file protein_6.pdb (PDB, C-alpha atoms, pLDDT in the B column)
ATOM      1  CA  MET Q  39    -208.790 -79.088 -94.699  1.00 31.00           C
ATOM      2  CA  LEU Q  40    -209.822 -82.740 -95.050  1.00 35.00           C
ATOM      3  CA  GLY Q  41    -209.450 -83.330 -91.326  1.00 33.00           C
ATOM      4  CA  LEU Q  42    -211.923 -80.558 -90.589  1.00 32.00           C
ATOM      5  CA  LEU Q  43    -214.762 -82.093 -92.580  1.00 33.00           C
ATOM      6  CA  ARG Q  44    -217.456 -83.610 -90.417  1.00 35.00           C
ATOM      7  CA  TRP Q  45    -219.333 -86.684 -91.593  1.00 35.00           C
ATOM      8  CA  SER Q  46    -222.999 -87.361 -91.009  1.00 37.00           C
ATOM      9  CA  GLN Q  47    -225.372 -89.731 -92.743  1.00 37.00           C
ATOM     10  CA  ASN Q  48    -226.974 -86.737 -94.415  1.00 37.00           C
ATOM     11  CA  THR Q  49    -223.715 -85.281 -95.759  1.00 38.00           C
ATOM     12  CA  CYS Q  50    -222.190 -86.619 -98.922  1.00 40.00           C
ATOM     13  CA  LEU Q  51    -218.425 -86.337 -99.258  1.00 39.00           C
ATOM     14  CA  THR Q  52    -218.962 -84.435-102.488  1.00 38.00           C
ATOM     15  CA  GLU Q  53    -221.208 -81.935-100.721  1.00 39.00           C
ATOM     16  CA  ALA Q  54    -218.672 -81.556 -97.925  1.00 37.00           C
ATOM     17  CA  PHE Q  55    -215.916 -80.893-100.448  1.00 38.00           C
ATOM     18  CA  HIS Q  56    -218.154 -78.510-102.344  1.00 38.00           C
ATOM     19  CA  ALA Q  57    -219.028 -76.564 -99.202  1.00 38.00           C
ATOM     20  CA  SER Q  58    -215.385 -76.389 -98.144  1.00 38.00           C
ATOM     21  CA  CYS Q  59    -213.799 -75.897-101.545  1.00 38.00           C
ATOM     22  CA  VAL Q  60    -216.038 -73.648-103.611  1.00 42.00           C
ATOM     23  CA  ALA Q  61    -213.552 -70.820-103.589  1.00 45.00           C
ATOM     24  CA  PRO Q  62    -209.786 -71.216-103.683  1.00 48.00           C
ATOM     25  CA  ASN Q  63    -207.906 -70.024-100.651  1.00 49.00           C
ATOM     26  CA  PRO Q  64    -205.628 -67.182-101.835  1.00 51.00           C
ATOM     27  CA  SER Q  65    -203.438 -67.488 -98.741  1.00 50.00           C
ATOM     28  CA  SER Q  66    -202.789 -71.145 -99.471  1.00 51.00           C
ATOM     29  CA  ARG Q  67    -199.468 -72.203-100.954  1.00 53.00           C
ATOM     30  CA  TRP Q  68    -201.462 -74.000-103.676  1.00 50.00           C
ATOM     31  CA  PRO Q  69    -204.722 -72.037-104.065  1.00 51.00           C
ATOM     32  CA  TRP Q  70    -205.925 -74.265-106.924  1.00 46.00           C
ATOM     33  CA  LEU Q  71    -205.620 -77.546-104.985  1.00 48.00           C
ATOM     34  CA  SER Q  72    -208.900 -77.389-103.074  1.00 49.00           C
ATOM     35  CA  VAL Q  73    -210.939 -76.583-106.190  1.00 48.00           C
ATOM     36  CA  ASP Q  74    -209.288 -79.370-108.184  1.00 46.00           C
ATOM     37  CA  LEU Q  75    -210.127 -81.874-105.432  1.00 48.00           C
ATOM     38  CA  MET Q  76    -213.782 -80.915-105.704  1.00 46.00           C
ATOM     39  CA  TYR Q  77    -213.854 -81.645-109.434  1.00 47.00           C
ATOM     40  CA  LEU Q  78    -211.854 -84.841-109.022  1.00 48.00           C
ATOM     41  CA  ILE Q  79    -214.133 -86.332-106.397  1.00 48.00           C
ATOM     42  CA  LYS Q  80    -217.541 -84.914-107.331  1.00 49.00           C
ATOM     43  CA  PRO Q  81    -218.349 -87.272-110.242  1.00 44.00           C
ATOM     44  CA  ALA Q  82    -217.087 -90.360-108.426  1.00 47.00           C
ATOM     45  CA  TRP Q  83    -219.718 -90.654-105.727  1.00 48.00           C
ATOM     46  CA  PRO Q  84    -223.283 -89.627-106.463  1.00 51.00           C
ATOM     47  CA  SER Q  85    -224.944 -91.112-103.369  1.00 53.00           C
ATOM     48  CA  CYS Q  86    -222.254 -91.644-100.795  1.00 55.00           C
ATOM     49  CA  ALA Q  87    -224.491 -91.607 -97.719  1.00 44.00           C
ATOM     50  CA  GLN Q  88    -226.249 -94.814 -98.804  1.00 52.00           C
ATOM     51  CA  SER Q  89    -223.425 -96.659-100.571  1.00 82.00           C
ATOM     52  CA  PRO Q  90    -221.723 -98.328 -97.571  1.00 86.00           C
ATOM     53  CA  LEU Q  91    -224.997 -99.783 -96.354  1.00 90.00           C
ATOM     54  CA  ALA Q  92    -226.038-100.833 -99.851  1.00 92.00           C
ATOM     55  CA  LEU Q  93    -222.710-102.638-100.325  1.00 94.00           C
ATOM     56  CA  THR Q  94    -222.880-104.434 -96.964  1.00 95.00           C
ATOM     57  CA  THR Q  95    -226.539-105.338 -97.460  1.00 95.00           C
ATOM     58  CA  LEU Q  96    -225.778-106.781-100.886  1.00 96.00           C
ATOM     59  CA  PHE Q  97    -222.815-108.748 -99.530  1.00 97.00           C
ATOM     60  CA  MET Q  98    -224.821-110.203 -96.659  1.00 97.00           C
ATOM     61  CA  SER Q  99    -227.708-111.141 -98.971  1.00 97.00           C
ATOM     62  CA  LEU Q 100    -225.414-112.794-101.519  1.00 98.00           C
ATOM     63  CA  VAL Q 101    -223.504-114.737 -98.861  1.00 98.00           C
ATOM     64  CA  GLU Q 102    -226.803-115.963 -97.421  1.00 97.00           C
ATOM     65  CA  GLN Q 103    -228.037-116.915-100.905  1.00 97.00           C
ATOM     66  CA  GLU Q 104    -224.829-118.475-102.241  1.00 98.00           C
ATOM     67  CA  CYS Q 105    -223.025-119.810 -99.152  1.00 98.00           C
ATOM     68  CA  SER Q 106    -225.772-120.998 -96.798  1.00 97.00           C
ATOM     69  CA  GLU Q 107    -224.543-124.605 -96.998  1.00 98.00           C
ATOM     70  CA  PHE Q 108    -221.211-123.697 -95.398  1.00 98.00           C
ATOM     71  CA  PRO Q 109    -220.449-123.129 -91.702  1.00 98.00           C
ATOM     72  CA  LEU Q 110    -220.534-119.332 -91.822  1.00 98.00           C
ATOM     73  CA  GLU Q 111    -222.003-117.518 -88.847  1.00 98.00           C
ATOM     74  CA  LEU Q 112    -222.861-113.848 -89.327  1.00 98.00           C
ATOM     75  CA  ILE Q 113    -221.378-111.809 -86.469  1.00 96.00           C
ATOM     76  CA  THR Q 114    -222.284-108.350 -87.766  1.00 96.00           C
ATOM     77  CA  PRO Q 115    -225.647-106.878 -86.743  1.00 95.00           C
ATOM     78  CA  THR Q 116    -228.265-107.077 -89.472  1.00 93.00           C
ATOM     79  CA  ASP Q 117    -229.607-103.654 -88.477  1.00 91.00           C
ATOM     80  CA  PRO Q 118    -227.972-101.187 -90.911  1.00 87.00           C
ATOM     81  CA  ALA Q 119    -227.822 -98.492 -88.212  1.00 84.00           C
ATOM     82  CA  GLN Q 120    -225.517-100.710 -86.141  1.00 89.00           C
ATOM     83  CA  ARG Q 121    -223.478-102.210 -88.973  1.00 87.00           C
ATOM     84  CA  GLY Q 122    -221.383 -99.513 -90.600  1.00 85.00           C
ATOM     85  CA  SER Q 123    -219.293-100.490 -93.626  1.00 91.00           C
ATOM     86  CA  GLN Q 124    -218.002-103.885 -92.574  1.00 93.00           C
ATOM     87  CA  VAL Q 125    -219.403-107.406 -92.320  1.00 97.00           C
ATOM     88  CA  SER Q 126    -217.918-110.203 -90.211  1.00 97.00           C
ATOM     89  CA  TYR Q 127    -218.457-113.933 -90.409  1.00 98.00           C
ATOM     90  CA  GLU Q 128    -217.110-116.689 -88.201  1.00 98.00           C
ATOM     91  CA  HIS Q 129    -215.857-119.860 -89.887  1.00 98.00           C
ATOM     92  CA  PRO Q 130    -214.134-122.825 -88.159  1.00 98.00           C
ATOM     93  CA  ASN Q 131    -211.134-122.305 -90.472  1.00 98.00           C
ATOM     94  CA  GLY Q 132    -211.447-118.545 -90.853  1.00 97.00           C
ATOM     95  CA  PHE Q 133    -207.707-117.886 -90.982  1.00 97.00           C
ATOM     96  CA  ALA Q 134    -207.106-120.343 -93.834  1.00 98.00           C
ATOM     97  CA  VAL Q 135    -210.164-119.086 -95.742  1.00 98.00           C
ATOM     98  CA  VAL Q 136    -208.906-115.490 -95.441  1.00 98.00           C
ATOM     99  CA  GLN Q 137    -205.487-116.504 -96.744  1.00 97.00           C
ATOM    100  CA  ALA Q 138    -207.089-118.278 -99.725  1.00 98.00           C
ATOM    101  CA  LEU Q 139    -209.263-115.201-100.395  1.00 98.00           C
ATOM    102  CA  ILE Q 140    -206.206-112.945-100.333  1.00 97.00           C
ATOM    103  CA  GLU Q 141    -204.454-115.177-102.857  1.00 97.00           C
ATOM    104  CA  ARG Q 142    -207.487-114.784-105.145  1.00 97.00           C
ATOM    105  CA  GLY Q 143    -207.547-110.974-104.819  1.00 96.00           C
ATOM    106  CA  VAL Q 144    -210.214-110.551-102.126  1.00 97.00           C
ATOM    107  CA  ILE Q 145    -208.633-108.805 -99.129  1.00 96.00           C
ATOM    108  CA  PRO Q 146    -210.544-109.293 -95.870  1.00 97.00           C
ATOM    109  CA  ASP Q 147    -209.137-108.944 -92.353  1.00 95.00           C
ATOM    110  CA  TYR Q 148    -208.760-111.845 -89.968  1.00 96.00           C
ATOM    111  CA  ARG Q 149    -209.607-111.485 -86.275  1.00 94.00           C
ATOM    112  CA  GLU Q 150    -209.444-114.079 -83.536  1.00 93.00           C
ATOM    113  CA  PRO Q 151    -211.351-116.212 -82.899  1.00 93.00           C
ATOM    114  CA  ARG Q 152    -212.066-117.411 -86.461  1.00 96.00           C
ATOM    115  CA  ILE Q 153    -213.527-114.098 -87.663  1.00 98.00           C
ATOM    116  CA  MET Q 154    -213.380-113.064 -91.322  1.00 98.00           C
ATOM    117  CA  ARG Q 155    -214.011-109.316 -91.593  1.00 97.00           C
ATOM    118  CA  PHE Q 156    -214.950-107.770 -94.947  1.00 97.00           C
ATOM    119  CA  GLY Q 157    -214.726-103.992 -95.282  1.00 94.00           C
ATOM    120  CA  PHE Q 158    -216.422-101.979 -98.013  1.00 93.00           C
ATOM    121  CA  ALA Q 159    -215.003 -98.612 -99.061  1.00 89.00           C
ATOM    122  CA  PRO Q 160    -217.753 -97.117-101.232  1.00 85.00           C
ATOM    123  CA  LEU Q 161    -215.429 -94.671-102.951  1.00 84.00           C
ATOM    124  CA  TYR Q 162    -213.817 -97.478-104.952  1.00 84.00           C
ATOM    125  CA  THR Q 163    -215.831-100.661-104.246  1.00 89.00           C
ATOM    126  CA  ARG Q 164    -218.444-101.450-106.889  1.00 90.00           C
ATOM    127  CA  PHE Q 165    -221.463-103.731-106.615  1.00 93.00           C
ATOM    128  CA  GLU Q 166    -219.735-105.934-109.188  1.00 94.00           C
ATOM    129  CA  ASP Q 167    -216.759-106.261-106.806  1.00 95.00           C
ATOM    130  CA  VAL Q 168    -219.111-107.449-104.056  1.00 96.00           C
ATOM    131  CA  TRP Q 169    -220.601-110.067-106.381  1.00 96.00           C
ATOM    132  CA  ASN Q 170    -217.145-111.252-107.474  1.00 97.00           C
ATOM    133  CA  ALA Q 171    -216.004-111.543-103.847  1.00 97.00           C
ATOM    134  CA  VAL Q 172    -218.964-113.784-103.018  1.00 98.00           C
ATOM    135  CA  VAL Q 173    -218.340-115.942-106.115  1.00 98.00           C
ATOM    136  CA  ILE Q 174    -214.715-116.399-105.023  1.00 98.00           C
ATOM    137  CA  LEU Q 175    -215.720-117.083-101.405  1.00 98.00           C
ATOM    138  CA  LYS Q 176    -218.203-119.732-102.542  1.00 98.00           C
ATOM    139  CA  ASP Q 177    -215.610-121.369-104.790  1.00 98.00           C
ATOM    140  CA  ILE Q 178    -213.038-121.479-101.985  1.00 98.00           C
ATOM    141  CA  LEU Q 179    -215.554-122.971 -99.559  1.00 98.00           C
ATOM    142  CA  SER Q 180    -217.069-125.483-102.000  1.00 98.00           C
ATOM    143  CA  THR Q 181    -213.742-126.784-103.303  1.00 98.00           C
ATOM    144  CA  GLU Q 182    -212.129-126.543 -99.854  1.00 98.00           C
ATOM    145  CA  SER Q 183    -209.151-124.941-101.540  1.00 98.00           C
ATOM    146  CA  TRP Q 184    -208.498-123.166 -98.232  1.00 97.00           C
ATOM    147  CA  ASP Q 185    -207.415-126.530 -96.768  1.00 97.00           C
ATOM    148  CA  GLN Q 186    -203.835-126.382 -98.007  1.00 97.00           C
ATOM    149  CA  THR Q 187    -200.803-126.206 -95.751  1.00 96.00           C
ATOM    150  CA  ARG Q 188    -199.725-122.777 -96.987  1.00 96.00           C
ATOM    151  CA  PHE Q 189    -203.043-121.250 -95.930  1.00 97.00           C
ATOM    152  CA  HIS Q 190    -202.723-122.567 -92.378  1.00 95.00           C
ATOM    153  CA  LEU Q 191    -199.211-121.200 -91.771  1.00 94.00           C
ATOM    154  CA  ARG Q 192    -199.167-118.110 -89.592  1.00 90.00           C
ATOM    155  CA  SER Q 193    -196.450-115.517 -89.642  1.00 83.00           C
ATOM    156  CA  ALA Q 194    -195.598-113.207 -86.761  1.00 77.00           C
ATOM    157  CA  VAL Q 195    -197.810-110.504 -88.284  1.00 71.00           C
ATOM    158  CA  THR Q 196    -201.095-111.483 -89.980  1.00 54.00           C
TER     159      THR Q 196
END
call {"tool": "encode", "arguments": {"input": "protein_6.pdb", "output": "structure tokens"}}
result
Amino acid sequence: MLGLLRWSQNTCLTEAFHASCVAPNPSSRWPWLSVDLMYLIKPAWPSCAQSPLALTTLFMSLVEQECSEFPLELITPTDPAQRGSQVSYEHPNGFAVVQALIERGVIPDYREPRIMRFGFAPLYTRFEDVWNAVVILKDILSTESWDQTRFHLRSAVT
């Protein structure tokens, strides 16, 4: 059933679940499952159509405000319609910075060349998490704690 839901900017996941799950399916092996999913998810996401863009906008604003002194180049379009739910920055030592972030509990992706990619899943990412990620990023950049041998070592799979 989940695979059949279609996403649009005007459809909230809760609304999609509600439309698909209002009545239990008596022919289902577990007729109660679809209804329980609706009640589980409904309170968690009141405005899901706007959340990814709000999270990315906040992240970009905070990085600009807190980390402008560091060699970070925004790669992601600033236009919300073109951005989606991820933000990418280039840094001369992007790989090492990503490894230091991971050690501190912030989990971005690394892409060549020197791209740090931050994804925001609005179902479980809070605005507070975005703020904390920027505080940690600033600390890593200002103290240059990324410049340790262990953060520069690359394994076969990164």
call {"tool": "resolve_selection", "arguments": {"input": "protein_6.pdb", "expression": "the PyMOL selection byres ((chain Q and resi 189) around 10)", "output": "ChimeraX atom specification"}}
result
/Q:131,133-141,183-188,190-192
call {"tool": "resolve_selection", "arguments": {"input": "protein_6.pdb", "expression": "the PyMOL selection byres ((chain Q and resi 158) around 10)", "output": "number ranges by chain"}}
result
Q: 89-94, 97, 122-125, 146, 156-157, 159-164, 167-168
call {"tool": "atom_distance", "arguments": {"input": "protein_6.pdb", "atom1": "CA of Ser193 (chain Q)", "atom2": "CA of Ser126 (chain Q)"}}
result
22.1 Å
call {"tool": "atom_distance", "arguments": {"input": "protein_6.pdb", "atom1": "CA of Ile153 (chain Q)", "atom2": "CA of Tyr127 (chain Q)"}}
result
5.6 Å
call {"tool": "closest_residue", "arguments": {"input": "protein_6.pdb", "among": "Q:Arg142, Q:Pro115, Q:Glu102, Q:Met154", "to": "His129 (chain Q)", "atoms": "only C-alpha atoms"}}
result
Q:Met154
call {"tool": "residues_near_point", "arguments": {"input": "protein_6.pdb", "point": "(-221.3, -123.1, -101.0)", "cutoff": "7 Å", "atoms": "all atoms listed in the file", "output": "list in words"}}
result
Glu104, Cys105, Ser106, Glu107, Phe108, Lys176, Leu179 and Ser180 of chain Q
call {"tool": "atom_distance", "arguments": {"input": "protein_6.pdb", "atom1": "CA of Tyr148 (chain Q)", "atom2": "CA of Pro130 (chain Q)"}}
result
12.4 Å
call {"tool": "decode", "arguments": {"input": "protein_6.pdb", "residues": "region 140-153 of chain Q", "atoms": "all heavy atoms", "output": "PDB file, in the first residue's frame"}}
result
ATOM      1  N   ILE Q 140      30.823  12.842  11.354  1.00  0.00           N
ATOM      2  CA  ILE Q 140      30.259  11.521  11.678  1.00  0.00           C
ATOM      3  C   ILE Q 140      30.664  11.114  13.097  1.00  0.00           C
ATOM      4  O   ILE Q 140      29.844  10.610  13.862  1.00  0.00           O
ATOM      5  CB  ILE Q 140      30.685  10.476  10.632  1.00  0.00           C
ATOM      6  CG1 ILE Q 140      29.992  10.768   9.294  1.00  0.00           C
ATOM      7  CG2 ILE Q 140      30.370   9.059  11.109  1.00  0.00           C
ATOM      8  CD1 ILE Q 140      30.520   9.949   8.128  1.00  0.00           C
ATOM      9  N   GLU Q 141      31.921  11.342  13.443  1.00  0.00           N
ATOM     10  CA  GLU Q 141      32.376  10.997  14.787  1.00  0.00           C
ATOM     11  C   GLU Q 141      31.609  11.772  15.863  1.00  0.00           C
ATOM     12  O   GLU Q 141      31.415  11.292  16.972  1.00  0.00           O
ATOM     13  CB  GLU Q 141      33.880  11.269  14.938  1.00  0.00           C
ATOM     14  CG  GLU Q 141      34.420  10.818  16.271  1.00  0.00           C
ATOM     15  CD  GLU Q 141      35.921  10.989  16.377  1.00  0.00           C
ATOM     16  OE1 GLU Q 141      36.641  10.082  15.934  1.00  0.00           O
ATOM     17  OE2 GLU Q 141      36.349  12.048  16.887  1.00  0.00           O
ATOM     18  N   ARG Q 142      31.127  12.947  15.522  1.00  0.00           N
ATOM     19  CA  ARG Q 142      30.388  13.786  16.477  1.00  0.00           C
ATOM     20  C   ARG Q 142      28.874  13.573  16.394  1.00  0.00           C
ATOM     21  O   ARG Q 142      28.110  14.265  17.046  1.00  0.00           O
ATOM     22  CB  ARG Q 142      30.704  15.269  16.234  1.00  0.00           C
ATOM     23  CG  ARG Q 142      32.165  15.664  16.413  1.00  0.00           C
ATOM     24  CD  ARG Q 142      32.523  16.043  17.823  1.00  0.00           C
ATOM     25  NE  ARG Q 142      31.743  17.121  18.379  1.00  0.00           N
ATOM     26  CZ  ARG Q 142      32.054  18.416  18.307  1.00  0.00           C
ATOM     27  NH1 ARG Q 142      33.163  18.803  17.697  1.00  0.00           N
ATOM     28  NH2 ARG Q 142      31.264  19.305  18.870  1.00  0.00           N
ATOM     29  N   GLY Q 143      28.422  12.630  15.554  1.00  0.00           N
ATOM     30  CA  GLY Q 143      27.002  12.302  15.498  1.00  0.00           C
ATOM     31  C   GLY Q 143      26.205  12.983  14.408  1.00  0.00           C
ATOM     32  O   GLY Q 143      24.994  12.818  14.324  1.00  0.00           O
ATOM     33  N   VAL Q 144      26.862  13.761  13.557  1.00  0.00           N
ATOM     34  CA  VAL Q 144      26.211  14.370  12.393  1.00  0.00           C
ATOM     35  C   VAL Q 144      26.593  13.509  11.190  1.00  0.00           C
ATOM     36  O   VAL Q 144      27.773  13.309  10.934  1.00  0.00           O
ATOM     37  CB  VAL Q 144      26.668  15.834  12.184  1.00  0.00           C
ATOM     38  CG1 VAL Q 144      26.011  16.434  10.948  1.00  0.00           C
ATOM     39  CG2 VAL Q 144      26.359  16.661  13.414  1.00  0.00           C
ATOM     40  N   ILE Q 145      25.601  13.003  10.463  1.00  0.00           N
ATOM     41  CA  ILE Q 145      25.882  12.004   9.422  1.00  0.00           C
ATOM     42  C   ILE Q 145      25.562  12.552   8.032  1.00  0.00           C
ATOM     43  O   ILE Q 145      24.480  12.324   7.486  1.00  0.00           O
ATOM     44  CB  ILE Q 145      25.072  10.706   9.666  1.00  0.00           C
ATOM     45  CG1 ILE Q 145      25.131  10.276  11.117  1.00  0.00           C
ATOM     46  CG2 ILE Q 145      25.534   9.603   8.726  1.00  0.00           C
ATOM     47  CD1 ILE Q 145      26.479   9.851  11.625  1.00  0.00           C
ATOM     48  N   PRO Q 146      26.497  13.279   7.421  1.00  0.00           N
ATOM     49  CA  PRO Q 146      26.317  13.701   6.039  1.00  0.00           C
ATOM     50  C   PRO Q 146      26.862  12.634   5.086  1.00  0.00           C
ATOM     51  O   PRO Q 146      27.448  11.638   5.523  1.00  0.00           O
ATOM     52  CB  PRO Q 146      27.144  14.976   5.950  1.00  0.00           C
ATOM     53  CG  PRO Q 146      28.242  14.759   6.938  1.00  0.00           C
ATOM     54  CD  PRO Q 146      27.674  13.877   8.025  1.00  0.00           C
ATOM     55  N   ASP Q 147      26.677  12.844   3.806  1.00  0.00           N
ATOM     56  CA  ASP Q 147      27.295  12.010   2.775  1.00  0.00           C
ATOM     57  C   ASP Q 147      28.496  12.764   2.229  1.00  0.00           C
ATOM     58  O   ASP Q 147      28.530  13.996   2.255  1.00  0.00           O
ATOM     59  CB  ASP Q 147      26.332  11.764   1.603  1.00  0.00           C
ATOM     60  CG  ASP Q 147      25.127  10.940   1.996  1.00  0.00           C
ATOM     61  OD1 ASP Q 147      25.263  10.082   2.885  1.00  0.00           O
ATOM     62  OD2 ASP Q 147      24.060  11.151   1.404  1.00  0.00           O
ATOM     63  N   TYR Q 148      29.448  12.007   1.689  1.00  0.00           N
ATOM     64  CA  TYR Q 148      30.572  12.640   1.009  1.00  0.00           C
ATOM     65  C   TYR Q 148      30.516  12.253  -0.457  1.00  0.00           C
ATOM     66  O   TYR Q 148      30.284  11.089  -0.800  1.00  0.00           O
ATOM     67  CB  TYR Q 148      31.913  12.203   1.604  1.00  0.00           C
ATOM     68  CG  TYR Q 148      33.064  12.788   0.839  1.00  0.00           C
ATOM     69  CD1 TYR Q 148      33.394  14.128   0.996  1.00  0.00           C
ATOM     70  CD2 TYR Q 148      33.772  12.042  -0.077  1.00  0.00           C
ATOM     71  CE1 TYR Q 148      34.418  14.698   0.257  1.00  0.00           C
ATOM     72  CE2 TYR Q 148      34.810  12.597  -0.816  1.00  0.00           C
ATOM     73  CZ  TYR Q 148      35.121  13.923  -0.652  1.00  0.00           C
ATOM     74  OH  TYR Q 148      36.127  14.491  -1.382  1.00  0.00           O
ATOM     75  N   ARG Q 149      30.706  13.218  -1.338  1.00  0.00           N
ATOM     76  CA  ARG Q 149      30.736  12.993  -2.776  1.00  0.00           C
ATOM     77  C   ARG Q 149      31.961  13.686  -3.355  1.00  0.00           C
ATOM     78  O   ARG Q 149      32.286  14.807  -2.961  1.00  0.00           O
ATOM     79  CB  ARG Q 149      29.475  13.562  -3.461  1.00  0.00           C
ATOM     80  CG  ARG Q 149      28.170  12.983  -2.965  1.00  0.00           C
ATOM     81  CD  ARG Q 149      27.966  11.574  -3.538  1.00  0.00           C
ATOM     82  NE  ARG Q 149      26.644  11.072  -3.232  1.00  0.00           N
ATOM     83  CZ  ARG Q 149      26.357  10.255  -2.252  1.00  0.00           C
ATOM     84  NH1 ARG Q 149      27.311   9.852  -1.432  1.00  0.00           N
ATOM     85  NH2 ARG Q 149      25.138   9.807  -2.072  1.00  0.00           N
ATOM     86  N   GLU Q 150      32.607  13.029  -4.279  1.00  0.00           N
ATOM     87  CA  GLU Q 150      33.732  13.668  -4.972  1.00  0.00           C
ATOM     88  C   GLU Q 150      33.180  14.693  -5.947  1.00  0.00           C
ATOM     89  O   GLU Q 150      32.106  14.496  -6.503  1.00  0.00           O
ATOM     90  CB  GLU Q 150      34.554  12.609  -5.726  1.00  0.00           C
ATOM     91  CG  GLU Q 150      35.339  11.668  -4.836  1.00  0.00           C
ATOM     92  CD  GLU Q 150      36.480  12.347  -4.089  1.00  0.00           C
ATOM     93  OE1 GLU Q 150      36.829  13.517  -4.385  1.00  0.00           O
ATOM     94  OE2 GLU Q 150      37.021  11.716  -3.187  1.00  0.00           O
ATOM     95  N   PRO Q 151      33.849  15.775  -6.171  1.00  0.00           N
ATOM     96  CA  PRO Q 151      35.080  16.212  -5.521  1.00  0.00           C
ATOM     97  C   PRO Q 151      34.794  17.141  -4.341  1.00  0.00           C
ATOM     98  O   PRO Q 151      34.186  18.187  -4.538  1.00  0.00           O
ATOM     99  CB  PRO Q 151      35.807  16.960  -6.629  1.00  0.00           C
ATOM    100  CG  PRO Q 151      34.706  17.570  -7.449  1.00  0.00           C
ATOM    101  CD  PRO Q 151      33.535  16.615  -7.330  1.00  0.00           C
ATOM    102  N   ARG Q 152      35.148  16.770  -3.164  1.00  0.00           N
ATOM    103  CA  ARG Q 152      35.117  17.611  -1.961  1.00  0.00           C
ATOM    104  C   ARG Q 152      33.723  18.086  -1.549  1.00  0.00           C
ATOM    105  O   ARG Q 152      33.566  19.148  -0.981  1.00  0.00           O
ATOM    106  CB  ARG Q 152      36.045  18.822  -2.154  1.00  0.00           C
ATOM    107  CG  ARG Q 152      37.481  18.462  -2.469  1.00  0.00           C
ATOM    108  CD  ARG Q 152      38.324  19.671  -2.823  1.00  0.00           C
ATOM    109  NE  ARG Q 152      37.815  20.459  -3.911  1.00  0.00           N
ATOM    110  CZ  ARG Q 152      38.041  20.235  -5.207  1.00  0.00           C
ATOM    111  NH1 ARG Q 152      38.809  19.223  -5.559  1.00  0.00           N
ATOM    112  NH2 ARG Q 152      37.548  21.027  -6.127  1.00  0.00           N
ATOM    113  N   ILE Q 153      32.698  17.296  -1.853  1.00  0.00           N
ATOM    114  CA  ILE Q 153      31.322  17.721  -1.584  1.00  0.00           C
ATOM    115  C   ILE Q 153      30.804  17.070  -0.296  1.00  0.00           C
ATOM    116  O   ILE Q 153      30.831  15.853  -0.153  1.00  0.00           O
ATOM    117  CB  ILE Q 153      30.369  17.347  -2.743  1.00  0.00           C
ATOM    118  CG1 ILE Q 153      30.875  17.913  -4.066  1.00  0.00           C
ATOM    119  CG2 ILE Q 153      28.939  17.803  -2.447  1.00  0.00           C
ATOM    120  CD1 ILE Q 153      30.895  19.398  -4.153  1.00  0.00           C
TER     121      ILE Q 153
END
